[in-house]
Number of protein chains: 2
Amino acid sequence: MAGADTESENSFKDRQIELAHGAGGKASRRLVERLILPKLANPILSRLSDSAIIDFGGRPLAFTTDSFVVKPLEFPGGSIGSLAVNGTVNDLAVSGSRPVALLATLILEAGTSTDVVAQALDAMAKASAKAGVPVVGGDTKVVEHGKADGVYITTSGIGEPVSGVFLEGKSVCPGDKIILSGPVGDHGITVLLARGELDIEADLQSDSRSVWPFVEALLNTCGSDVRWMRDPTRGGVATSLNELAEDSGRDIVIEDRLIPVRDTVRGACEVLGLDVLHVANEGQFLAVVAAEAADKALAAIRRISGGEEAVIIGAVGDVGAEATGSRGRLTAITPYGSSRIVDMLVGDQLPRIC
Amino acid sequence: MAGADTESENSFKDRQIELAHGAGGKASRRLVERLILPKLANPILSRLSDSAIIDFGGRPLAFTTDSFVVKPLEFPGGSIGSLAVNGTVNDLAVSGSRPVALLATLILEAGTSTDVVAQALDAMAKASAKAGVPVVGGDTKVVEHGKADGVYITTSGIGEPVSGVFLEGKSVCPGDKIILSGPVGDHGITVLLARGELDIEADLQSDSRSVWPFVEALLNTCGSDVRWMRDPTRGGVATSLNELAEDSGRDIVIEDRLIPVRDTVRGACEVLGLDVLHVANEGQFLAVVAAEAADKALAAIRRISGGEEAVIIGAVGDVGAEATGSRGRLTAITPYGSSRIVDMLVGDQLPRIC
């Protein structure tokens with residue numbers, strides 16, 4: 001009977017799907033944990049990492065997929081095509097795996113101009129060539145006019161886990177350093193401004209890129225001293241680090257002044273009332289590294305072109321101590337020395353940014 | 001200069017996307033061959049098989065993906081959830097690979113009832129359990145109300161190619177027999193009737209199921225005597241066998257009277273003016289087997305529950321002899337002894353059946 005109560009407390013109570021369920025924050029996690037996982041449950045799925053690591057004939061294999069519904073289809077610095085390639089490449093990379101191959105499906109809306117589809121394909125081809133990961137197959141479906149928004153792309157990818165690296169929230173230790181690969185918020189704010197609904201102009205580009213070159217350098221240099229990685233896309237840095245706090249049971253402490261944010265992004269966030277830590281990124285990653293390896297790790301990332309702005313933004317703290325048991329929290333030290341609890345993204349402040 | 005002319009002749013001239021581009025027939029093939037392949041070209045993609053076979057650390061791996069946009073979401077004998085699982089399992093199976101694991105993404109329309117999503121997930125879970133292939137990860141996106149049609153599902157899968165089996169259109173030889181696993185047209189007609197737009201009632205169910213048990217028995221029994229397989233989904237048996245004729249350069253000859261068709265399906269096709277060979281199937285497959293192994297092959301499939309209706313429907317003929325060079329064609333011998341050329345599906349007679 002107690003079991004039944006627990007089940008009802010943890011069941012998915014929202015009666016219909018809202019945009020917030022796709023925004024990557026709390027509502028998304030509720031949808032996944034309370035509706036999807038209980039139905040499809042198996043040990044690998046329940047790990048909820050960026051890639052599933054499965055046994056393929058005695059050899060580990062990373063396997064991941066993402067759908068892309070970004071609006072608009074093109075924006076400064078990227079497009080749905082580059083996002084679809086880089087997004088899946090990055091999910092493999094932050095699972096500690098060398099990306100090997102991709103597949104892509106297109107859901108096209110009848111009436112969409114061939115040029116729009118061609119541009120998406122060109123962007124995929126360019127990103128695929130740049131990342132060095134081929135698109136080896138796919139599928140195309142067409143739905144009636146009005147039943148999609150031009151083009152939706154789903155990519156899936158397989159990768160080879162780098163041997164000797166085991167990434168898991170549970171593996172982080174007090175004192176481990178948190179590395180961020182570069183400035184945050186560029187992608188989310190760029191897409192938001194590209195919609196043209198706001199009267200803000202800014203010289204800003206999406207950060208969409210493959211993070212594998214940086215991850216490869218990091219893993220080659222630090223190996224098993226790298227404990228955890230994540231690409232802070234939907235829901236931003238705050239959501240990724242809250243997930244780390246939850247999975248590890250440890251407090252995570254970062255310092256606002258250490259987090260690189262471009263002036264234009266900071267300005268747009270102030271005007272729009274957004275916390276930049278909730279804004280999406282598509283070409284950055286977070287890594288937790290053993291304290292003694294942190295300087296070496298940072299140097300390895302910075303040596304790769306495009307990684308010069310990588311920084312240490314905080315550290316893993318002690319076991320959390322909420323009344324309900326040990327539950328970690330994300331805390332940011334403000335520039336004034338006070339501290340604030342930073343929650344996951346709540347609601348749907350930025351729908352369809354990827 | 002000659003190169004430029006050829007390129008322009010083979011370029012994709014349709015100015016916008018139409019439903020026909022997603023129907024699996026000629027327009028789909030034109031979209032893939034003239035727009036998608038030239039942009040993403042690489043040796044594996046250009047093979048255009050149901051699964052890409054790639055080298056994964058010295059071991060072959062089958063990798064495939066499909067999007068599902070079937071309308072309505074539920075129909076007698078299946079739903080978008082069972083289709084999404086079985087469709088990808090079957091693409092692996094007919095590439096001669098044991099299905100190992102699946103991923104799934106959902107694109108949800110805001111405002112969709114949670115019950116609808118739960119039903120899709122339940123159907124996926126049931127099909128996944130029945131096929132013995134787990135869903136090990138996924139992704140969820142939400143688009144605004146009106147920008148999708150409830151639920152779109154994309155699945156991708158990996159499989160282990162059965163050793164010693166090499167399936168390719170080019171491998172078929174004159175005299176090889178063509179096996180069909182069971183009655184055709186059930187899925188397409190079921191979905192069409194389930195839309196309720198036609199005033200026809202019929203006691204009919206989709207054939208959606210995993211074909212792996214039959215394929216496994218066939219490969220275990222006949223090994224390398226199996227030359228080619230395909231699941232005749234969009235575009236039906238006619239489209240799959242036309243592709244075989246094209247890829248092999250050989251004429252393919254089948255006999256109408258040998259093809260199992262339920263009375264209700266035949267009746268609906270007559271009323272609607274459809275050739276049942278163009279109607280989609282979701283739980284059948286075609287196999288080309290060496291003549292001397294054909295009886296053994298048929299017996300192996302028939303021994304598995306659900307395979308009792310498997311039949312030999314024709315044979316591979318000689319090299320085609322059109323004026324333009326050797327180009328194979330699909331010919332059906334009618335019940336009256338005359339023969340007719342059966343082309344690929346043209347147009348979009350049955351959009352969104354998967």
# chains A, B, ... in the order shown; residues from 1 in each chain; ligands from 1
>>> select_by_dssp(residues="stretch 145-305 of chain B", states="helix (DSSP H, G or I)", output="number ranges by chain")
B: 169-171, 186-194, 212-225, 236-248, 256-258, 263-272, 276-278, 291-303
>>> residues_around(residues="stretch 37-46 of chain B", least_positions_apart="2", cutoff="9 Å", atoms="only C-alpha atoms", output="PDB file with N, CA and C atoms, in the first residue's frame")
ATOM      1  N   ALA A 118      17.560  22.265 -49.009  1.00  0.00           N
ATOM      2  CA  ALA A 118      18.934  22.205 -49.515  1.00  0.00           C
ATOM      3  C   ALA A 118      19.893  22.920 -48.562  1.00  0.00           C
ATOM      4  N   LEU A 121      20.559  20.726 -45.611  1.00  0.00           N
ATOM      5  CA  LEU A 121      21.468  19.637 -45.982  1.00  0.00           C
ATOM      6  C   LEU A 121      22.901  20.150 -46.149  1.00  0.00           C
ATOM      7  N   ASP A 122      23.042  21.327 -46.767  1.00  0.00           N
ATOM      8  CA  ASP A 122      24.380  21.905 -46.919  1.00  0.00           C
ATOM      9  C   ASP A 122      25.031  22.135 -45.563  1.00  0.00           C
ATOM     10  N   MET A 124      24.344  20.574 -42.774  1.00  0.00           N
ATOM     11  CA  MET A 124      24.694  19.272 -42.196  1.00  0.00           C
ATOM     12  C   MET A 124      26.000  18.759 -42.786  1.00  0.00           C
ATOM     13  N   ALA A 125      26.098  18.864 -44.128  1.00  0.00           N
ATOM     14  CA  ALA A 125      27.289  18.349 -44.810  1.00  0.00           C
ATOM     15  C   ALA A 125      28.535  19.073 -44.322  1.00  0.00           C
ATOM     16  N   LYS A 126      28.415  20.387 -44.179  1.00  0.00           N
ATOM     17  CA  LYS A 126      29.565  21.191 -43.764  1.00  0.00           C
ATOM     18  C   LYS A 126      29.977  20.832 -42.326  1.00  0.00           C
ATOM     19  N   SER A 128      29.296  18.083 -40.730  1.00  0.00           N
ATOM     20  CA  SER A 128      29.758  16.699 -40.707  1.00  0.00           C
ATOM     21  C   SER A 128      31.210  16.607 -41.180  1.00  0.00           C
ATOM     22  N   PRO A 134      30.917  11.125 -40.558  1.00  0.00           N
ATOM     23  CA  PRO A 134      30.024  11.028 -41.716  1.00  0.00           C
ATOM     24  C   PRO A 134      28.579  10.724 -41.337  1.00  0.00           C
ATOM     25  N   VAL A 135      27.650  11.203 -42.172  1.00  0.00           N
ATOM     26  CA  VAL A 135      26.236  10.825 -42.071  1.00  0.00           C
ATOM     27  C   VAL A 135      26.063   9.616 -42.981  1.00  0.00           C
ATOM     28  N   VAL A 136      25.824   8.430 -42.400  1.00  0.00           N
ATOM     29  CA  VAL A 136      25.874   7.197 -43.196  1.00  0.00           C
ATOM     30  C   VAL A 136      24.501   6.662 -43.596  1.00  0.00           C
ATOM     31  N   GLY A 137      23.434   7.362 -43.231  1.00  0.00           N
ATOM     32  CA  GLY A 137      22.116   6.885 -43.635  1.00  0.00           C
ATOM     33  C   GLY A 137      21.037   7.792 -43.091  1.00  0.00           C
ATOM     34  N   GLY A 138      19.780   7.466 -43.423  1.00  0.00           N
ATOM     35  CA  GLY A 138      18.705   8.303 -42.917  1.00  0.00           C
ATOM     36  C   GLY A 138      17.363   7.936 -43.497  1.00  0.00           C
TER      37      GLY A 138
ATOM     38  N   LEU B  31      14.095  12.542 -54.555  1.00  0.00           N
ATOM     39  CA  LEU B  31      14.534  13.442 -53.484  1.00  0.00           C
ATOM     40  C   LEU B  31      15.838  12.938 -52.870  1.00  0.00           C
ATOM     41  N   VAL B  32      15.876  11.641 -52.577  1.00  0.00           N
ATOM     42  CA  VAL B  32      17.054  11.076 -51.917  1.00  0.00           C
ATOM     43  C   VAL B  32      18.253  11.082 -52.866  1.00  0.00           C
ATOM     44  N   GLU B  33      18.047  10.613 -54.101  1.00  0.00           N
ATOM     45  CA  GLU B  33      19.184  10.450 -55.007  1.00  0.00           C
ATOM     46  C   GLU B  33      19.699  11.758 -55.579  1.00  0.00           C
ATOM     47  N   ARG B  34      18.789  12.711 -55.754  1.00  0.00           N
ATOM     48  CA  ARG B  34      19.211  13.943 -56.439  1.00  0.00           C
ATOM     49  C   ARG B  34      19.445  15.113 -55.503  1.00  0.00           C
ATOM     50  N   LEU B  35      18.832  15.101 -54.324  1.00  0.00           N
ATOM     51  CA  LEU B  35      19.032  16.243 -53.423  1.00  0.00           C
ATOM     52  C   LEU B  35      19.879  15.841 -52.213  1.00  0.00           C
ATOM     53  N   LEU B  48      22.414   3.058 -49.979  1.00  0.00           N
ATOM     54  CA  LEU B  48      20.950   3.164 -49.891  1.00  0.00           C
ATOM     55  C   LEU B  48      20.253   1.894 -49.417  1.00  0.00           C
ATOM     56  N   SER B  49      20.869   1.158 -48.526  1.00  0.00           N
ATOM     57  CA  SER B  49      20.230  -0.046 -48.008  1.00  0.00           C
ATOM     58  C   SER B  49      19.402   0.308 -46.777  1.00  0.00           C
ATOM     59  N   ALA B  52      22.812   1.080 -42.580  1.00  0.00           N
ATOM     60  CA  ALA B  52      24.209   1.294 -42.938  1.00  0.00           C
ATOM     61  C   ALA B  52      25.025   0.226 -42.215  1.00  0.00           C
ATOM     62  N   ILE B  53      25.947  -0.392 -42.915  1.00  0.00           N
ATOM     63  CA  ILE B  53      26.844  -1.336 -42.241  1.00  0.00           C
ATOM     64  C   ILE B  53      28.196  -0.647 -42.130  1.00  0.00           C
ATOM     65  N   ILE B  54      28.603  -0.402 -40.877  1.00  0.00           N
ATOM     66  CA  ILE B  54      29.855   0.319 -40.704  1.00  0.00           C
ATOM     67  C   ILE B  54      30.842  -0.519 -39.916  1.00  0.00           C
TER      68      ILE B  54
END
>>> closest_atom_pairs(of="chain A", to="chain B", cutoff="6 Å", atoms="only C-alpha atoms", output="JSON lines")
{"residue": "A:Arg15", "atom": "CA", "partner": "B:Thr114", "partner_atom": "CA", "distance": 5.3}
{"residue": "A:Gln16", "atom": "CA", "partner": "B:Ser113", "partner_atom": "CA", "distance": 4.2}
{"residue": "A:Ile17", "atom": "CA", "partner": "B:Ala110", "partner_atom": "CA", "distance": 5.1}
{"residue": "A:Glu18", "atom": "CA", "partner": "B:Ala110", "partner_atom": "CA", "distance": 4.8}
{"residue": "A:Leu19", "atom": "CA", "partner": "B:Val142", "partner_atom": "CA", "distance": 5.5}
{"residue": "A:Gly22", "atom": "CA", "partner": "B:Val142", "partner_atom": "CA", "distance": 4.6}
{"residue": "A:Leu40", "atom": "CA", "partner": "B:Ala125", "partner_atom": "CA", "distance": 5.3}
{"residue": "A:Ile44", "atom": "CA", "partner": "B:Val136", "partner_atom": "CA", "distance": 5.6}
{"residue": "A:Leu45", "atom": "CA", "partner": "B:Val136", "partner_atom": "CA", "distance": 4.4}
{"residue": "A:Thr65", "atom": "CA", "partner": "B:Gly138", "partner_atom": "CA", "distance": 5.9}
{"residue": "A:Asp66", "atom": "CA", "partner": "B:Asp139", "partner_atom": "CA", "distance": 5.4}
{"residue": "A:Ala110", "atom": "CA", "partner": "B:Glu18", "partner_atom": "CA", "distance": 4.8}
{"residue": "A:Gly111", "atom": "CA", "partner": "B:Ile17", "partner_atom": "CA", "distance": 5.3}
{"residue": "A:Thr112", "atom": "CA", "partner": "B:Ile17", "partner_atom": "CA", "distance": 5.4}
{"residue": "A:Ser113", "atom": "CA", "partner": "B:Gln16", "partner_atom": "CA", "distance": 4.2}
{"residue": "A:Thr114", "atom": "CA", "partner": "B:Gln16", "partner_atom": "CA", "distance": 4.7}
{"residue": "A:Ala125", "atom": "CA", "partner": "B:Leu40", "partner_atom": "CA", "distance": 5.3}
{"residue": "A:Val136", "atom": "CA", "partner": "B:Leu45", "partner_atom": "CA", "distance": 4.4}
{"residue": "A:Gly137", "atom": "CA", "partner": "B:Leu45", "partner_atom": "CA", "distance": 5.1}
{"residue": "A:Gly138", "atom": "CA", "partner": "B:Thr65", "partner_atom": "CA", "distance": 5.9}
{"residue": "A:Asp139", "atom": "CA", "partner": "B:Asp66", "partner_atom": "CA", "distance": 5.4}
{"residue": "A:Lys141", "atom": "CA", "partner": "B:Gly22", "partner_atom": "CA", "distance": 4.7}
{"residue": "A:Val142", "atom": "CA", "partner": "B:Gly22", "partner_atom": "CA", "distance": 4.6}
{"residue": "A:Lys147", "atom": "CA", "partner": "B:Ala148", "partner_atom": "CA", "distance": 4.6}
{"residue": "A:Ala148", "atom": "CA", "partner": "B:Lys147", "partner_atom": "CA", "distance": 4.6}
{"residue": "A:Asp149", "atom": "CA", "partner": "B:Lys147", "partner_atom": "CA", "distance": 5.7}
>>> residues_around(residues="A:Thr334", least_positions_apart="6", cutoff="10 Å", atoms="only C-alpha atoms", output="ChimeraX atom specification")
/A:254-258,340
>>> atom_distance(atom1="atom CA of A:Pro60", atom2="atom CA of A:Leu92")
12.8 Å
>>> residues_around(residues="B:Phe75", least_positions_apart="4", cutoff="8 Å", atoms="only C-alpha atoms", output="ChimeraX atom specification")
/B:79,190-191,194,205-206
>>> select_by_dssp(residues="stretch 107-334 of chain A", states="strand (DSSP E or B)", output="PyMOL selection string")
chain A and resi 107-109+113+135-143+151-161+177-180+226-230+250-255+286-289+311-319+322+325+330-333
>>> atom_distance(atom1="atom CA of A:His278", atom2="atom CA of A:Asp199")
21.4 Å
>>> closest_residue(among="B:Gly25, B:Gly196, B:Gly81, B:Pro76", to="B:Val346", atoms="only C-alpha atoms")
B:Gly25
>>> residues_around(residues="stretch 172-184 of chain A", least_positions_apart="3", cutoff="7 Å", atoms="only C-alpha atoms", output="list in words")
Gly169, Arg227, Ser248, Pro260, Val261, Arg262, Asn281, Gln284, Phe285, Leu286, Ala287, Val288, Val289, Ala290, Ala291, Ala294, Gly307, Glu309, Ala310, Val311, Ile312, Ile313, Gly314, Ala315, Val316, Gly317 and Asp318 of chain A
>>> closest_residue(among="B:Ala62, B:Leu83, B:Leu274, B:Leu330", to="B:Glu246", atoms="only C-alpha atoms")
B:Leu330
>>> atom_distance(atom1="atom CA of A:Leu218", atom2="atom CA of A:Thr331")
25.8 Å
